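Q: See upload.cif below, with mmCIF, C-alpha atoms.
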data_target
#
loop_
_atom_site.label_atom_id
_atom_site.label_comp_id
_atom_site.auth_asym_id
_atom_site.auth_seq_id
_atom_site.Cartn_x
_atom_site.Cartn_y
_atom_site.Cartn_z
CA MET A 1 -15.25 -43.53 -18.13
CA LYS A 2 -16.67 -40.23 -19.24
CA HIS A 3 -15.61 -37.27 -17.14
CA PHE A 4 -17.35 -34.00 -16.49
CA PHE A 5 -15.46 -30.93 -15.34
CA LEU A 6 -16.61 -27.87 -13.51
CA ILE A 7 -14.33 -24.84 -13.53
CA LEU A 8 -14.96 -22.37 -10.75
CA PHE A 9 -13.14 -19.09 -11.19
CA ILE A 10 -12.61 -16.44 -8.54
CA ALA A 11 -10.60 -13.28 -9.30
CA SER A 12 -9.21 -10.83 -6.79
CA ASN A 13 -6.83 -7.88 -6.99
CA CYS A 14 -5.37 -8.46 -3.56
CA LEU A 15 -2.99 -11.20 -2.57
CA VAL A 16 -3.80 -12.58 0.83
CA PHE A 17 -1.11 -13.70 3.25
CA SER A 18 -1.69 -17.20 4.57
CA GLN A 19 -1.43 -17.46 8.33
CA GLU A 20 0.54 -20.57 9.18
CA ASN A 21 2.17 -22.05 12.23
CA LYS A 22 -0.31 -20.44 14.61
CA GLN A 23 0.74 -20.68 18.24
CA ASN A 24 0.63 -19.00 21.62
CA GLY A 25 3.32 -16.49 22.44
CA LEU A 26 5.95 -14.81 20.30
CA TYR A 27 5.97 -15.53 16.55
CA GLU A 28 8.83 -14.70 14.19
CA GLU A 29 9.49 -15.51 10.55
CA TYR A 30 12.70 -14.84 8.60
CA TYR A 31 13.85 -14.24 5.05
CA GLU A 32 16.31 -16.72 3.59
CA ASN A 33 19.07 -14.11 4.11
CA GLY A 34 18.51 -14.34 7.88
CA ASN A 35 16.75 -10.97 8.30
CA ILE A 36 13.48 -10.94 10.15
CA ARG A 37 10.37 -10.86 7.97
CA ILE A 38 7.44 -10.89 10.43
CA SER A 39 7.17 -10.59 14.20
CA GLY A 40 4.18 -10.58 16.53
CA GLN A 41 2.31 -12.51 19.17
CA TYR A 42 -0.45 -15.14 19.21
CA LEU A 43 -2.91 -15.87 21.99
CA GLU A 44 -5.00 -19.01 21.59
CA ALA A 45 -4.20 -19.09 17.87
CA LYS A 46 -5.26 -15.44 17.43
CA LYS A 47 -3.05 -12.51 16.54
CA ILE A 48 -2.95 -9.93 19.32
CA GLY A 49 -1.16 -6.66 19.93
CA GLU A 50 1.35 -5.09 17.58
CA TRP A 51 2.61 -6.99 14.55
CA LYS A 52 5.48 -5.90 12.34
CA GLU A 53 6.61 -6.76 8.84
CA TYR A 54 10.05 -5.96 7.46
CA TYR A 55 11.71 -5.42 4.12
CA ARG A 56 14.41 -7.85 3.04
CA SER A 57 16.98 -5.28 4.11
CA GLY A 58 15.77 -5.58 7.70
CA LYS A 59 14.12 -2.15 7.83
CA ILE A 60 10.57 -1.89 9.10
CA ALA A 61 7.90 -2.04 6.37
CA HIS A 62 4.58 -2.20 8.18
CA VAL A 63 3.16 -2.03 11.70
CA TYR A 64 -0.43 -3.08 12.41
CA GLU A 65 -2.45 -3.90 15.50
CA TYR A 66 -4.96 -6.48 16.79
CA ASP A 67 -7.11 -6.43 19.91
CA ASN A 68 -7.21 -9.31 22.43
CA ASN A 69 -9.96 -11.02 20.41
CA GLY A 70 -7.83 -11.17 17.28
CA LYS A 71 -9.68 -8.39 15.47
CA GLU A 72 -7.87 -5.63 13.60
CA THR A 73 -8.06 -2.30 15.39
CA GLY A 74 -7.55 -0.37 12.16
CA PHE A 75 -4.27 1.14 13.35
CA HIS A 76 -1.33 0.65 11.03
CA LYS A 77 1.76 2.36 9.70
CA ILE A 78 3.54 1.80 6.39
CA PHE A 79 7.15 2.80 5.78
CA PHE A 80 9.26 3.52 2.71
CA LYS A 81 12.26 1.27 2.12
CA SER A 82 14.36 4.18 3.37
CA GLY A 83 12.75 3.76 6.79
CA LYS A 84 10.77 7.01 6.57
CA LEU A 85 7.05 6.97 7.39
CA LYS A 86 4.87 6.56 4.29
CA SER A 87 1.41 6.54 5.88
CA LYS A 88 -0.43 5.97 9.13
CA THR A 89 -4.05 5.10 9.90
CA TYR A 90 -5.82 5.59 13.22
CA LYS A 91 -9.31 5.81 14.69
CA LEU A 92 -11.01 9.11 15.51
CA ASP A 93 -13.32 9.79 18.46
CA ASP A 94 -16.45 9.47 16.27
CA GLY A 95 -15.47 5.93 15.23
CA SER A 96 -14.29 6.87 11.74
CA TYR A 97 -10.72 6.46 10.52
CA VAL A 98 -8.20 8.77 8.95
CA THR A 99 -5.16 7.83 6.88
CA LYS A 100 -2.38 10.35 6.39
CA GLY A 101 0.30 9.88 3.74
CA TYR A 102 3.66 11.66 3.62
CA TYR A 103 6.24 12.70 1.05
CA GLU A 104 9.44 10.69 1.36
CA ASP A 105 11.81 13.56 0.56
CA ASN A 106 10.62 16.26 2.97
CA GLY A 107 8.27 14.31 5.27
CA GLY A 108 5.45 16.76 4.52
CA LEU A 109 1.78 15.79 4.39
CA PHE A 110 0.89 14.26 1.01
CA TYR A 111 -2.76 13.30 1.54
CA GLU A 112 -5.50 12.76 4.09
CA MET A 113 -8.32 10.28 3.55
CA PHE A 114 -11.26 9.75 5.84
CA THR A 115 -13.23 6.52 6.06
CA ALA A 116 -16.59 6.41 7.77
CA LYS A 117 -16.38 2.65 8.24
CA GLN A 118 -13.05 0.91 8.11
CA LYS A 119 -12.66 -1.96 5.67
CA SER A 120 -10.75 -5.01 6.83
CA TYR A 121 -7.16 -4.22 5.99
CA LYS A 122 -5.84 -6.68 3.45
CA TYR A 123 -2.13 -6.97 2.96
CA SER A 124 -0.49 -8.71 0.09
CA ASN A 125 2.35 -10.87 1.29
CA ILE A 126 2.49 -14.33 -0.19
CA SER A 127 3.75 -17.24 1.87
CA ARG A 128 6.99 -18.66 0.56
CA ASN A 129 5.61 -22.12 1.28
CA ARG A 130 2.90 -21.72 -1.35
CA PHE A 131 5.31 -20.97 -4.18
CA LYS A 132 8.76 -22.43 -4.66
CA THR A 133 10.18 -18.92 -4.82
CA SER A 134 10.77 -16.01 -2.47
CA LYS A 135 10.14 -13.44 -5.18
CA PHE A 136 6.67 -12.65 -3.88
CA SER A 137 7.57 -12.71 -0.20
CA GLU A 138 8.57 -9.05 0.11
CA ALA A 139 5.87 -6.77 1.48
CA LYS A 140 3.66 -5.27 -1.23
CA PHE A 141 0.87 -3.29 0.37
CA GLU A 142 -2.30 -2.66 -1.55
CA TYR A 143 -3.37 0.92 -2.10
CA GLU A 144 -6.28 2.14 0.00
CA ILE A 145 -9.32 4.05 -1.27
CA PRO A 146 -11.16 6.48 1.03
CA ASN A 147 -14.85 6.35 1.87
CA GLY A 148 -15.44 9.97 2.76
CA LEU A 149 -13.47 13.21 2.47
CA TYR A 150 -10.14 13.11 0.62
CA LYS A 151 -7.50 15.86 0.51
CA GLU A 152 -4.17 15.94 -1.28
CA TYR A 153 -1.37 18.50 -0.89
CA TYR A 154 1.52 19.94 -2.89
CA ARG A 155 5.01 19.67 -1.47
CA ASN A 156 4.78 23.34 -0.49
CA GLY A 157 1.85 22.47 1.81
CA GLU A 158 -0.89 24.05 -0.33
CA LEU A 159 -4.09 22.07 -0.92
CA LYS A 160 -4.06 20.34 -4.33
CA ILE A 161 -7.19 18.11 -4.42
CA GLU A 162 -10.39 18.01 -2.41
CA SER A 163 -13.08 15.43 -3.11
CA ASN A 164 -15.55 13.02 -1.55
CA TYR A 165 -15.95 9.26 -1.90
CA LYS A 166 -19.13 7.30 -1.28
CA ASP A 167 -18.97 3.51 -1.23
CA TYR A 168 -15.32 3.91 -2.32
CA GLN A 169 -16.24 5.79 -5.50
CA LEU A 170 -16.01 9.50 -6.30
CA ASN A 171 -19.29 11.27 -5.59
CA GLY A 172 -20.11 14.99 -5.67
CA LEU A 173 -17.70 17.83 -6.42
CA TRP A 174 -14.04 17.10 -7.20
CA LYS A 175 -11.85 20.19 -6.85
CA LYS A 176 -8.29 20.90 -7.92
CA PHE A 177 -6.22 23.94 -6.87
CA TYR A 178 -3.23 25.83 -8.24
CA LYS A 179 0.03 25.61 -6.29
CA THR A 180 -0.64 29.17 -5.18
CA GLY A 181 -3.92 28.17 -3.51
CA GLU A 182 -6.58 29.37 -5.99
CA GLN A 183 -9.17 26.88 -7.29
CA GLU A 184 -8.45 25.59 -10.82
CA TRP A 185 -11.06 22.88 -11.54
CA GLU A 186 -14.48 21.76 -10.35
CA VAL A 187 -15.94 18.50 -11.76
CA THR A 188 -19.14 16.75 -10.69
CA TYR A 189 -19.08 12.97 -10.13
CA PHE A 190 -21.81 10.43 -9.45
CA ASN A 191 -21.10 6.82 -8.43
CA GLY A 192 -17.54 6.98 -9.70
CA TYR A 193 -18.03 8.64 -13.09
CA LYS A 194 -18.36 12.19 -14.42
CA GLU A 195 -21.97 13.30 -14.46
CA GLY A 196 -23.09 16.93 -14.52
CA SER A 197 -21.20 20.21 -14.77
CA TYR A 198 -17.46 20.84 -15.06
CA LYS A 199 -15.70 24.16 -14.72
CA LYS A 200 -12.13 25.45 -15.13
CA ILE A 201 -11.22 28.70 -13.39
CA HIS A 202 -8.58 31.36 -14.06
CA ARG A 203 -6.31 32.31 -11.15
CA ASN A 204 -8.20 35.59 -10.77
CA GLY A 205 -11.41 33.67 -10.03
CA ASN A 206 -13.12 34.19 -13.39
CA VAL A 207 -14.46 31.13 -15.21
CA SER A 208 -12.23 29.78 -17.99
CA VAL A 209 -14.33 26.85 -19.29
CA LYS A 210 -17.72 25.44 -18.35
CA GLY A 211 -19.64 22.50 -19.75
CA SER A 212 -21.23 19.22 -18.71
CA HIS A 213 -20.81 15.45 -18.79
CA LEU A 214 -23.41 12.81 -19.49
CA SER A 215 -22.46 9.25 -18.51
CA ASN A 216 -18.76 10.18 -18.25
CA LEU A 217 -18.68 11.86 -21.69
CA LYS A 218 -18.61 15.55 -22.52
CA SER A 219 -22.04 16.33 -23.95
CA GLY A 220 -23.99 19.45 -24.83
CA LYS A 221 -22.86 23.08 -24.80
CA GLU A 222 -19.42 24.32 -23.70
CA LYS A 223 -18.34 27.95 -23.27
CA ARG A 224 -14.80 29.32 -22.93
CA TYR A 225 -13.81 32.70 -21.48
CA ASN A 226 -10.70 34.85 -21.24
CA GLU A 227 -9.31 36.13 -17.92
CA ASN A 228 -11.50 39.23 -18.15
CA GLY A 229 -14.64 37.10 -18.23
CA ASN A 230 -15.39 37.68 -21.94
CA LEU A 231 -16.80 34.79 -24.01
CA ILE A 232 -14.26 33.64 -26.63
CA TRP A 233 -15.64 30.26 -27.84
CA LYS A 234 -18.99 28.50 -27.76
CA GLY A 235 -19.97 25.12 -29.19
CA ASN A 236 -21.22 21.62 -28.55
CA TYR A 237 -19.97 18.13 -27.76
CA LEU A 238 -21.52 14.79 -28.58
CA LYS A 239 -20.11 11.77 -26.72
CA ASN A 240 -16.80 13.53 -25.99
CA ASN A 241 -16.30 14.80 -29.56
CA LEU A 242 -16.60 18.34 -30.89
CA ASN A 243 -19.89 18.45 -32.73
CA GLY A 244 -21.76 20.91 -34.90
CA LEU A 245 -21.22 24.65 -35.10
CA TRP A 246 -18.48 26.30 -33.00
CA THR A 247 -18.27 30.09 -32.83
CA LYS A 248 -15.36 32.34 -31.83
CA TYR A 249 -15.94 35.85 -30.39
CA ASP A 250 -13.84 39.00 -30.15
CA ASN A 251 -13.34 41.03 -26.96
CA LYS A 252 -16.55 42.96 -27.66
CA GLY A 253 -18.64 39.78 -27.87
CA LYS A 254 -18.97 39.84 -31.67
CA ALA A 255 -18.81 36.55 -33.57
CA ILE A 256 -15.72 36.63 -35.79
CA LEU A 257 -15.39 32.99 -36.86
CA SER A 258 -17.81 30.10 -37.19
CA GLY A 259 -17.13 26.61 -38.39
CA TYR A 260 -18.36 23.07 -38.15
CA SER A 261 -16.11 20.78 -36.25
CA LYS A 262 -16.26 18.07 -38.90
CA ASP A 263 -15.55 20.13 -42.06
CA GLY A 264 -11.76 20.22 -41.49
CA LYS A 265 -11.51 23.86 -42.58
CA LYS A 266 -12.78 26.21 -39.91
CA ASN A 267 -12.56 24.54 -36.56
CA SER A 268 -12.64 25.42 -32.90
CA GLU A 269 -9.66 25.20 -30.59
CA LYS A 270 -8.63 21.79 -29.25
CA GLU A 271 -11.08 19.78 -27.18
CA THR A 272 -11.08 20.56 -23.48
CA LYS A 273 -9.25 17.89 -21.50
CA VAL A 274 -11.07 17.48 -18.21
CA PRO A 275 -8.77 15.82 -15.62
CA ASP A 276 -9.65 12.44 -14.12
CA GLY A 277 -10.17 12.77 -10.40
CA ASP A 278 -10.08 9.14 -9.32
CA ILE A 279 -7.03 8.24 -7.23
CA GLU A 280 -6.89 4.71 -8.58
CA GLN A 281 -8.01 3.34 -11.94
CA THR A 282 -8.24 -0.41 -12.40
CA PRO A 283 -6.78 -1.97 -15.57
CA ILE A 284 -9.42 -1.97 -18.29
CA PHE A 285 -10.04 -5.14 -20.27
CA PRO A 286 -10.95 -4.63 -23.96
CA GLY A 287 -14.70 -4.15 -24.12
CA CYS A 288 -14.99 -2.73 -20.59
CA GLU A 289 -14.25 0.87 -21.59
CA ASN A 290 -17.85 2.04 -21.37
CA GLU A 291 -18.56 0.63 -17.91
CA LEU A 292 -19.46 3.46 -15.53
CA GLY A 293 -17.59 3.70 -12.23
CA SER A 294 -14.63 1.82 -10.78
CA ILE A 295 -16.74 -0.96 -9.24
CA ALA A 296 -18.40 -1.75 -12.57
CA GLN A 297 -15.04 -1.67 -14.37
CA LYS A 298 -13.48 -4.07 -11.87
CA LYS A 299 -16.42 -6.45 -12.19
CA CYS A 300 -16.12 -6.29 -15.96
CA LEU A 301 -12.39 -7.04 -15.72
CA TYR A 302 -12.94 -10.06 -13.46
CA ARG A 303 -15.82 -11.32 -15.58
CA SER A 304 -13.85 -10.92 -18.81
CA ILE A 305 -10.81 -12.78 -17.48
CA SER A 306 -13.09 -15.53 -16.15
CA GLU A 307 -14.80 -15.93 -19.51
CA TYR A 308 -11.46 -15.90 -21.30
CA VAL A 309 -10.07 -18.68 -19.09
CA ASN A 310 -13.19 -20.81 -19.45
CA GLU A 311 -13.18 -20.39 -23.22
CA ASN A 312 -9.50 -21.23 -23.63
CA PHE A 313 -8.89 -23.90 -21.03
CA ASP A 314 -9.36 -27.47 -22.25
CA PRO A 315 -10.58 -29.48 -19.22
CA THR A 316 -9.94 -32.81 -20.94
CA ILE A 317 -6.25 -32.30 -20.11
CA ALA A 318 -6.99 -33.55 -16.61
CA SER A 319 -8.42 -36.85 -17.87
CA ASN A 320 -4.94 -38.26 -18.44
CA LEU A 321 -3.42 -36.98 -15.20
CA GLY A 322 -5.16 -39.33 -12.77
CA LEU A 323 -6.78 -36.45 -10.89
CA GLU A 324 -9.96 -36.99 -8.91
CA GLY A 325 -12.37 -34.73 -7.03
CA LYS A 326 -11.74 -31.07 -6.35
CA GLN A 327 -8.40 -29.72 -7.55
CA ARG A 328 -7.16 -26.22 -6.83
CA MET A 329 -4.75 -24.08 -8.81
CA HIS A 330 -3.47 -20.66 -7.80
CA VAL A 331 -2.11 -18.18 -10.34
CA LEU A 332 -0.27 -14.93 -9.69
CA PHE A 333 0.41 -12.43 -12.45
CA ASN A 334 0.99 -8.73 -13.00
CA ILE A 335 -0.67 -6.34 -15.42
CA ASN A 336 2.27 -4.05 -16.09
CA THR A 337 2.46 -0.35 -16.98
CA LEU A 338 2.01 -1.17 -20.67
CA GLY A 339 -1.13 -3.22 -20.02
CA ASN A 340 0.55 -6.55 -20.73
CA VAL A 341 0.49 -9.64 -18.50
CA SER A 342 3.87 -10.44 -16.94
CA ASN A 343 5.60 -12.35 -14.13
CA ILE A 344 3.22 -15.32 -14.14
CA LYS A 345 3.52 -17.81 -11.26
CA VAL A 346 1.39 -20.94 -10.94
CA ASP A 347 0.87 -23.41 -8.11
CA ALA A 348 -0.94 -26.48 -9.45
CA PRO A 349 -1.28 -30.18 -8.55
CA ASP A 350 0.47 -31.18 -11.77
CA GLN A 351 3.19 -29.61 -13.90
CA THR A 352 1.10 -30.08 -17.05
CA LEU A 353 -1.59 -27.86 -15.54
CA GLU A 354 1.05 -25.30 -14.53
CA VAL A 355 2.32 -25.08 -18.10
CA LYS A 356 -1.20 -24.81 -19.52
CA ALA A 357 -2.25 -22.12 -17.03
CA LYS A 358 0.86 -20.04 -17.82
CA GLU A 359 0.15 -20.38 -21.53
CA ILE A 360 -3.47 -19.24 -21.19
CA ILE A 361 -2.79 -16.31 -18.86
CA GLY A 362 0.17 -15.26 -21.02
CA LYS A 363 -2.17 -14.81 -23.98
CA LEU A 364 -4.58 -12.47 -22.22
CA PRO A 365 -5.18 -9.44 -24.49
CA LYS A 366 -3.40 -6.15 -23.96
CA MET A 367 -5.31 -3.93 -21.53
CA LYS A 368 -5.34 -0.29 -20.59
CA PRO A 369 -2.96 -0.22 -17.61
CA GLY A 370 -4.05 0.65 -14.11
CA THR A 371 -3.10 4.06 -12.74
CA ILE A 372 -2.58 5.78 -9.42
CA ARG A 373 -3.06 9.55 -9.58
CA GLY A 374 -2.87 9.37 -13.37
CA GLU A 375 0.45 7.51 -13.54
CA PRO A 376 0.55 3.94 -14.96
CA VAL A 377 1.40 1.30 -12.34
CA THR A 378 1.94 -2.45 -12.27
CA VAL A 379 -1.06 -4.19 -10.69
CA PRO A 380 -0.64 -7.66 -9.11
CA TYR A 381 -3.49 -10.15 -9.36
CA SER A 382 -4.26 -13.39 -7.58
CA LEU A 383 -6.32 -15.96 -9.43
CA PRO A 384 -7.65 -19.11 -7.73
CA ILE A 385 -9.01 -21.74 -10.14
CA ILE A 386 -10.87 -24.80 -8.84
CA PHE A 387 -11.45 -27.98 -10.86
CA GLN A 388 -14.11 -30.47 -9.88
CA VAL A 389 -13.48 -33.77 -11.65
CA ILE A 390 -16.68 -35.82 -11.50
CA GLY A 391 -16.43 -39.42 -12.60
CA ASN A 392 -20.15 -40.21 -12.66
CA ALA A 393 -22.42 -38.41 -15.09
CA LYS A 394 -25.33 -38.78 -12.63
CA GLU A 395 -23.49 -36.80 -9.91
#
Would you write out, as structure tokens, the structure that this file holds?
A:
Amino acid sequence: MKHFFLILFIASNCLVFSQENKQNGLYEEYYENGNIRISGQYLEAKKIGEWKEYYRSGKIAHVYEYDNNGKETGFHKIFFKSGKLKSKTYKLDDGSYVTKGYYEDNGGLFYEMFTAKQKSYKYSNISRNRFKTSKFSEAKFEYEIPNGLYKEYYRNGELKIESNYKDYQLNGLWKKFYKTGEQEWEVTYFNGYKEGSYKKIHRNGNVSVKGSHLSNLKSGKEKRYNENGNLIWKGNYLKNNLNGLWTKYDNKGKAILSGYSKDGKKNSEKETKVPDGDIEQTPIFPGCENELGSIAQKKCLYRSISEYVNENFDPTIASNLGLEGKQRMHVLFNINTLGNVSNIKVDAPDQTLEVKAKEIIGKLPKMKPGTIRGEPVTVPYSLPIIFQVIGNAKE
């Protein structure tokens, strides 16, 4: 009998905890070492009141809250493994939400993020019953992105970053400040990418560098000044590269050196490195580099992985396994700080499919790693794959 196969692929960067054993009254779940893992209360199969999750050590990891209808109130607290408060989120009088994060060492305010409309909070525990391992059962909370004003602080309490997010992407002016309080940078964003003017400022308030971006790339004229406000360099960029004639000036404004950036003899100073303002950068799949904004880059990543799986998975494998109808596989993997896939876990209806899925995911190309505040981080991904085995060509 000829078989037809339909592969449906859904990618997500959050791992959703499966709610099992729903009941009325107190609910508790434990790690295999005997320490409590989750505690809370159900009412008519709905979570209500305060729920708590714990690290393997027994220390509190997360506190979150539901109303009597089983809906999240938006209130939650996250703790470091040391037991110190990492962040807390609560509702303001105007209906918006604020999340405050704290430094672990001194307990000082690290950041404030304001969200006009709270997203459903997704937390990334994986049920031990889904995978024959407890490796994924420890609390791993996904990072939150603001949808409004965002402020970040140095350990000394001075403001470090001030920016605004719209639809969870940077929009408008992004500002950075020196540790002593003076403004250092001002960069214009639109829908998550650099678009418009950028400016670096000396501590005395005079402009150091000013230029502009076009579609996230430095383009057009850039001028550089000394602390006294005198022009010292002027030139052009084309798609982020020094381009054409660059001219250097003395303190009296007289041109003393000119050169073309491509002749290798007389050149300007190094290219200006404009800082990236986004809190979180998704891993970038090869070919997705030119996508504008975090949402577009994530979609490109998901689409690229989907296409890769469909191109490399041989559906005829299932023809010899006796499988019928809809079959579901679930794959977990990390994109590590080097951009490589690691720690692959597969739950599949047959071991042959498990082995094949691991092989395919393991050969995903090297990517640009994800970052949080400019530092590479390991990003966990959850990948459901659904097979529909159809035995009749007319169906």
Q: Applied to the shown file, which residues does the PyMOL selection byres ((chain A and resi 214) around 9) return, written as an MDAnalysis selection string?
A: chainID A and resid 194:196 212:213 215:220 239
Q: What lies within 12 Å of Arg373 (chain A) using all atoms listed in the file, ignoring chain neighbours under 6 positions off, as a list in words?
A: Tyr111, Tyr143, Ile145, Glu152, Ile161, Pro275, Asp276, Gly277, Asp278, Ile279, Glu280, Gln281 and Thr282 of chain A
Q: I'd like the residues picked by the PyMOL selection byres ((chain A and resi 162-177) around 10) written out as number ranges by chain, using the chain letters and numbers from the file.
A: A: 111-117, 144-154, 158-161, 178-201, 203, 275-280, 293-295
Q: Evaluated on this file, the PyMOL selection byres ((chain A and resi 335) around 9) picks out some residues - which ones are they, written as an mmCIF file with C-alpha atoms, in the frame of the given file?
A:
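Now in selection.cif:
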data_model
loop_
_atom_site.group_PDB
_atom_site.id
_atom_site.type_symbol
_atom_site.label_atom_id
_atom_site.label_comp_id
_atom_site.auth_asym_id
_atom_site.auth_seq_id
_atom_site.Cartn_x
_atom_site.Cartn_y
_atom_site.Cartn_z
ATOM 1 C CA PRO A 283 -6.780 -1.970 -15.570
ATOM 2 C CA PHE A 333 0.410 -12.430 -12.450
ATOM 3 C CA ASN A 334 0.990 -8.730 -13.000
ATOM 4 C CA ASN A 336 2.270 -4.050 -16.090
ATOM 5 C CA THR A 337 2.460 -0.350 -16.980
ATOM 6 C CA LEU A 338 2.010 -1.170 -20.670
ATOM 7 C CA GLY A 339 -1.130 -3.220 -20.020
ATOM 8 C CA ASN A 340 0.550 -6.550 -20.730
ATOM 9 C CA VAL A 341 0.490 -9.640 -18.500
ATOM 10 C CA SER A 342 3.870 -10.440 -16.940
ATOM 11 C CA ASN A 343 5.600 -12.350 -14.130
ATOM 12 C CA LYS A 366 -3.400 -6.150 -23.960
ATOM 13 C CA MET A 367 -5.310 -3.930 -21.530
ATOM 14 C CA PRO A 369 -2.960 -0.220 -17.610
ATOM 15 C CA GLY A 370 -4.050 0.650 -14.110
ATOM 16 C CA VAL A 377 1.400 1.300 -12.340
ATOM 17 C CA THR A 378 1.940 -2.450 -12.270
ATOM 18 C CA VAL A 379 -1.060 -4.190 -10.690
ATOM 19 C CA PRO A 380 -0.640 -7.660 -9.110
ATOM 20 C CA TYR A 381 -3.490 -10.150 -9.360
#
Q: From the set A:Lys47, A:Asn204, A:Thr73, A:Ile360, which residue has the shortest atom-to-atom contact distance to Ser306 (chain A), counting all atoms listed in the file?
A: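 Nearest to Ser306 (chain A): A:Ile360.
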Q: Which is closest to Arg155 (chain A) among A:Gly108, A:Gly74, A:Gly235, A:Gly25, if we use all atoms listed in the file?
A: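 Closest to Arg155 (chain A) of all the choices is A:Gly108.
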Q: Would you list the contacts of Leu43 (chain A) as a short mmCIF file (atom, residue, chain, number, x, y, z; two decimals) with C-alpha atoms, in the coordinates of the input, taking every protein, DNA or RNA residue within 9 Å and counting only C-alpha atoms, but skipping same-chain residues closer than 5 positions in sequence?
A:
data_model
loop_
_atom_site.label_atom_id
_atom_site.label_comp_id
_atom_site.auth_asym_id
_atom_site.auth_seq_id
_atom_site.Cartn_x
_atom_site.Cartn_y
_atom_site.Cartn_z
CA GLN A 23 0.74 -20.68 18.24
CA ASN A 24 0.63 -19.00 21.62
CA GLY A 25 3.32 -16.49 22.44
CA ILE A 48 -2.95 -9.93 19.32
CA ASN A 68 -7.21 -9.31 22.43
CA ASN A 69 -9.96 -11.02 20.41
CA GLY A 70 -7.83 -11.17 17.28
#
Q: Neighbouring residues of Ser82 (chain A) were defined as those with any atom within 9 Å, considering all atoms listed in the file; residues of the same chain fewer than 2 positions away were excluded. Please report them as a ChimeraX atom specification.
A: /A:59,79-80,84-85,104
Q: What's the 7 Å shell around Glu53 (chain A), counting only C-alpha atoms, without same-chain residues fewer than 6 positions away, as a list of chain:residue names?
A: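 The filter keeps A:Arg37, A:Ile38, A:Ser39, A:Ile60, A:Ala61, A:His62, A:Val63.
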Q: Produce a file of the selected residues containing C-alpha atoms, as a PDB file, in the coordinates of the input.
A:
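Output file out16.pdb follows:
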ATOM      1  CA  ARG A  37      10.370 -10.860   7.970  1.00  0.00           C
ATOM      2  CA  ILE A  38       7.440 -10.890  10.430  1.00  0.00           C
ATOM      3  CA  SER A  39       7.170 -10.590  14.200  1.00  0.00           C
ATOM      4  CA  ILE A  60      10.570  -1.890   9.100  1.00  0.00           C
ATOM      5  CA  ALA A  61       7.900  -2.040   6.370  1.00  0.00           C
ATOM      6  CA  HIS A  62       4.580  -2.200   8.180  1.00  0.00           C
ATOM      7  CA  VAL A  63       3.160  -2.030  11.700  1.00  0.00           C
TER       8      VAL A  63
END
Q: How many Å separate CA of Lys298 (chain A) from CA of Thr99 (chain A)?
A: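 Interatomic distance here is 23.7 Å.
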Q: Determine the nearest neighbour of Tyr30 (chain A) from the options A:Gly244, A:Gly58, A:Gly362, A:Gly95, counting only C-alpha atoms.
A: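 Using only C-alpha atoms, the shortest distance to Tyr30 (chain A) belongs to A:Gly58.
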Q: Find the distance between CA of Glu50 (chain A) and CA of Leu92 (chain A) and write it in Å to one decimal.
A: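 Rounded to one decimal, the two atoms are 18.9 Å apart.
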Q: Using Å and a single decimal, report how far CA of Pro286 (chain A) sits from CA of Ala357 (chain A).
A: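 Answer for the CA of Ala357 (chain A) to CA of Pro286 (chain A) separation: 20.7 Å.
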Q: Counting only C-alpha atoms, find the residues whose atoms lie at most 6 Å from (-11.3, 35.9, -15.4) (file coordinates) and write them out as a PDB file with C-alpha atoms, keeping the file's coordinate frame.
A:
ATOM      1  CA  HIS A 202      -8.580  31.360 -14.060  1.00  0.00           C
ATOM      2  CA  ASN A 204      -8.200  35.590 -10.770  1.00  0.00           C
ATOM      3  CA  GLY A 205     -11.410  33.670 -10.030  1.00  0.00           C
ATOM      4  CA  ASN A 206     -13.120  34.190 -13.390  1.00  0.00           C
ATOM      5  CA  VAL A 207     -14.460  31.130 -15.210  1.00  0.00           C
ATOM      6  CA  ASN A 226     -10.700  34.850 -21.240  1.00  0.00           C
ATOM      7  CA  GLU A 227      -9.310  36.130 -17.920  1.00  0.00           C
ATOM      8  CA  ASN A 228     -11.500  39.230 -18.150  1.00  0.00           C
ATOM      9  CA  GLY A 229     -14.640  37.100 -18.230  1.00  0.00           C
TER      10      GLY A 229
END
